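J.: File name target_6.txt; file contents compact mmCIF, C-alpha atoms; full text below.
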```txt
# COMPACT_ATOMS: atom_id res chain seq x y z
CA VAL A 160 3.27 -4.48 -15.55
CA ARG A 161 1.20 -6.35 -13.03
CA LEU A 162 0.75 -5.19 -9.44
CA VAL A 163 0.40 -8.02 -6.94
CA GLU A 164 -0.32 -7.35 -3.27
CA SER A 165 0.31 -9.80 -0.44
CA GLY A 166 0.66 -9.99 3.32
CA GLY A 167 -2.92 -9.50 4.41
CA GLY A 168 -4.62 -11.63 7.01
CA VAL A 169 -6.66 -11.69 10.18
CA VAL A 170 -5.19 -9.97 13.21
CA GLN A 171 -6.47 -8.82 16.58
CA ALA A 172 -6.76 -5.14 17.38
CA GLY A 173 -3.39 -3.77 18.40
CA GLY A 174 -1.55 -6.20 16.17
CA SER A 175 0.67 -5.62 13.15
CA LEU A 176 0.87 -6.66 9.52
CA ARG A 177 3.30 -5.88 6.74
CA LEU A 178 1.82 -5.64 3.27
CA SER A 179 3.94 -6.07 0.17
CA CYS A 180 3.33 -5.14 -3.42
CA LYS A 181 5.40 -6.23 -6.38
CA ALA A 182 5.35 -4.53 -9.75
CA SER A 183 6.04 -7.57 -11.87
CA GLY A 184 7.46 -6.81 -15.30
CA SER A 185 8.55 -3.25 -14.51
CA ILE A 186 12.01 -2.00 -15.39
CA LEU A 187 14.15 -0.35 -12.76
CA SER A 188 14.18 3.15 -14.20
CA ASP A 189 10.42 3.16 -14.67
CA PHE A 190 9.71 1.81 -11.21
CA SER A 191 12.18 4.04 -9.37
CA GLY A 192 10.79 7.13 -11.06
CA SER A 193 7.19 6.40 -10.16
CA ASP A 194 5.10 7.72 -7.30
CA LEU A 195 3.33 4.88 -5.52
CA ASP A 196 0.28 4.74 -3.31
CA TRP A 197 -1.51 2.36 -0.98
CA TYR A 198 -5.31 2.50 -1.07
CA ARG A 199 -7.92 0.59 0.87
CA GLN A 200 -11.59 -0.18 0.42
CA GLY A 201 -13.59 -1.22 3.44
CA PRO A 202 -17.04 -2.84 3.39
CA GLY A 203 -19.54 -0.43 1.89
CA ASN A 204 -16.93 2.29 1.49
CA GLN A 205 -15.24 3.99 -1.40
CA ARG A 206 -11.61 3.28 -2.10
CA GLU A 207 -9.47 5.74 -0.15
CA LEU A 208 -5.83 6.77 -0.29
CA VAL A 209 -3.95 5.64 2.81
CA ALA A 210 -0.28 6.31 2.14
CA SER A 211 1.98 7.48 -0.64
CA ILE A 212 5.68 7.55 -1.43
CA ASN A 213 7.23 9.51 -4.24
CA SER A 214 10.34 8.81 -6.27
CA ASP A 215 12.43 10.67 -3.68
CA ARG A 216 11.07 8.34 -1.00
CA ILE A 217 9.11 11.11 0.68
CA PRO A 218 6.07 9.56 2.37
CA GLY A 219 2.60 10.90 3.02
CA TYR A 220 -0.25 9.55 5.10
CA VAL A 221 -3.91 10.10 5.70
CA ASP A 222 -4.52 11.42 9.21
CA SER A 223 -6.21 8.24 10.40
CA VAL A 224 -3.03 6.17 9.96
CA LYS A 225 -0.32 8.68 10.85
CA GLY A 226 2.00 7.31 13.49
CA ARG A 227 0.76 3.76 12.91
CA PHE A 228 1.54 2.98 9.25
CA THR A 229 4.86 3.28 7.45
CA ILE A 230 5.27 3.12 3.68
CA SER A 231 8.58 2.19 2.10
CA ARG A 232 9.96 1.00 -1.21
CA ASP A 233 12.76 -1.16 -2.56
CA ASN A 234 13.37 -0.13 -6.12
CA ALA A 235 15.84 -2.93 -6.84
CA LYS A 236 13.15 -5.48 -5.96
CA ARG A 237 10.32 -3.47 -7.57
CA MET A 238 8.52 -3.61 -4.23
CA VAL A 239 6.51 -1.21 -2.10
CA TYR A 240 5.59 -2.02 1.48
CA LEU A 241 3.11 -0.90 4.10
CA GLN A 242 3.99 -1.64 7.70
CA MET A 243 0.82 -1.42 9.77
CA ASN A 244 1.04 -1.27 13.55
CA SER A 245 -1.53 -0.73 16.29
CA LEU A 246 -4.24 -1.97 13.95
CA LYS A 247 -7.85 -1.06 14.65
CA PRO A 248 -11.09 -2.74 13.51
CA GLU A 249 -11.72 0.26 11.25
CA ASP A 250 -8.56 -0.63 9.31
CA THR A 251 -10.40 -3.69 7.99
CA ALA A 252 -10.38 -3.42 4.20
CA VAL A 253 -8.94 -4.71 0.98
CA TYR A 254 -5.61 -2.96 0.45
CA TYR A 255 -4.26 -2.07 -2.99
CA CYS A 256 -1.06 -0.56 -4.25
CA TYR A 257 -1.22 1.77 -7.23
CA ARG A 258 0.98 3.87 -9.40
CA ARG A 259 -0.26 7.43 -9.04
CA ASP A 260 -0.24 8.33 -12.73
CA GLY A 261 -2.43 5.35 -13.50
CA VAL A 262 -0.06 3.77 -15.99
CA TRP A 263 -0.37 0.36 -14.32
CA SER A 264 -3.69 -1.37 -13.66
CA TRP A 265 -5.02 -2.12 -10.22
CA GLY A 266 -4.00 -5.42 -8.69
CA PRO A 267 -6.33 -7.85 -6.91
CA GLY A 268 -5.60 -6.39 -3.48
CA THR A 269 -5.01 -8.16 -0.19
CA GLN A 270 -7.62 -8.52 2.55
CA VAL A 271 -6.86 -7.19 6.02
CA THR A 272 -9.28 -8.07 8.79
CA VAL A 273 -8.83 -6.64 12.27
CA SER A 274 -10.91 -8.23 14.99
CA SER A 275 -11.86 -6.41 18.18
```
Write out the structure in this file as C-alpha cells.

T.:
Amino acid sequence: VRLVESGGGVVQAGGSLRLSCKASGSILSDFSGSDLDWYRQGPGNQRELVASINSDRIPGYVDSVKGRFTISRDNAKRMVYLQMNSLKPEDTAVYYCYRRDGVWSWGPGTQVTVSS
C-alpha cells in the first residue's frame, strides 16, 4: 500500500486548504479498520501528530489546531482528508498521512506554506 498526499500549496494567513491522502492498493476491509493520522514537520522541527481518526470515525486533534482543522475519511475511496481553516504561518510544514500501527510506509508528504 502506498500513501500519497496532495492538496498542499501556498496560502495567505487566514486562508484554507484541504489536504487529501489516498491509500493506493489497500483493500476496503483493511482500510476501514485502520486508525489514520495526519502529521506535519515544519522547518527545523520534529514530525508532530496533528489529527487522528479511528475506525469509528472519532477524531482527535492537537490543541494548536482544534477548532481550525477537521479530519475525515472516505473508506470507499480509501481516502483521508484534512480540512484546514484559519491557517497561520506556524502551520507551515510538510504534511503526511500515516496509518497508526505503522503497517504502511510514510508517503512523500505535501508542502503547506502559509504567508503572513

J.: Fewer than 2 positions away in the same chain doesn't count, so skip those; otherwise give me all residues within 12 Å of A:Lys181, counting only C-alpha atoms, as JSON, numbers by chain.

T.: {"A": [160, 161, 162, 163, 164, 165, 166, 178, 179, 183, 184, 185, 186, 190, 195, 232, 233, 234, 235, 236, 237, 238, 239, 240, 241, 255, 256, 257, 258, 263, 265, 266, 267, 268]}

J.: Restricting the calculation to all atoms listed in the file, which member of A:Arg206, A:Arg227, A:Arg216, A:Lys247 is positioned closest to A:Val169?

T.: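 Nearest to A:Val169: A:Lys247.
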
J.: Choose the residue, out of A:Gly174, A:Gly192, A:Gly219, A:Pro202, that has the smallest atom-to-atom separation from A:Tyr254; count only C-alpha atoms.

T.: A:Pro202

J.: Excluding same-chain residues fewer than 6 positions from A:Met243, what lies within 8 Å of it counting only C-alpha atoms, as a ChimeraX atom specification?

T.: /A:175-178,227-229

J.: With distances taken over all atoms listed in the file, which of A:Gln171, A:Gln242, A:Ser264, A:Ser211 is nearest to A:Tyr198?

T.: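 Counting all atoms listed in the file, the residue closest to A:Tyr198 is A:Ser211.
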
J.: Considering only C-alpha atoms, can you say which of A:Glu207, A:Ile212, A:Ser188, A:Leu246 comes closest to A:Gly226?

T.: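 So, comparing all the options, the nearest one is A:Leu246.
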
J.: As an exercise, work out the distance from atom CA of A:Asp260 to atom CA of A:Gln200 in Å and give it to one decimal place.

T.: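 Atom-to-atom, atom CA of A:Asp260 and atom CA of A:Gln200 are spaced 19.3 Å apart.
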
J.: Rank nothing, just name the residue among A:Gln205, A:Asp222, A:Asp194, A:Asp250 nearest to A:Ser275, using all atoms listed in the file.

T.: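 Closest to A:Ser275 of all the choices is A:Asp250.
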
J.: Give me, please, the distance in Å between atom CA of A:Asp189 and atom CA of A:Val221, quoted to one decimal.

T.: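 Atom-to-atom, atom CA of A:Asp189 and atom CA of A:Val221 are spaced 25.9 Å apart.
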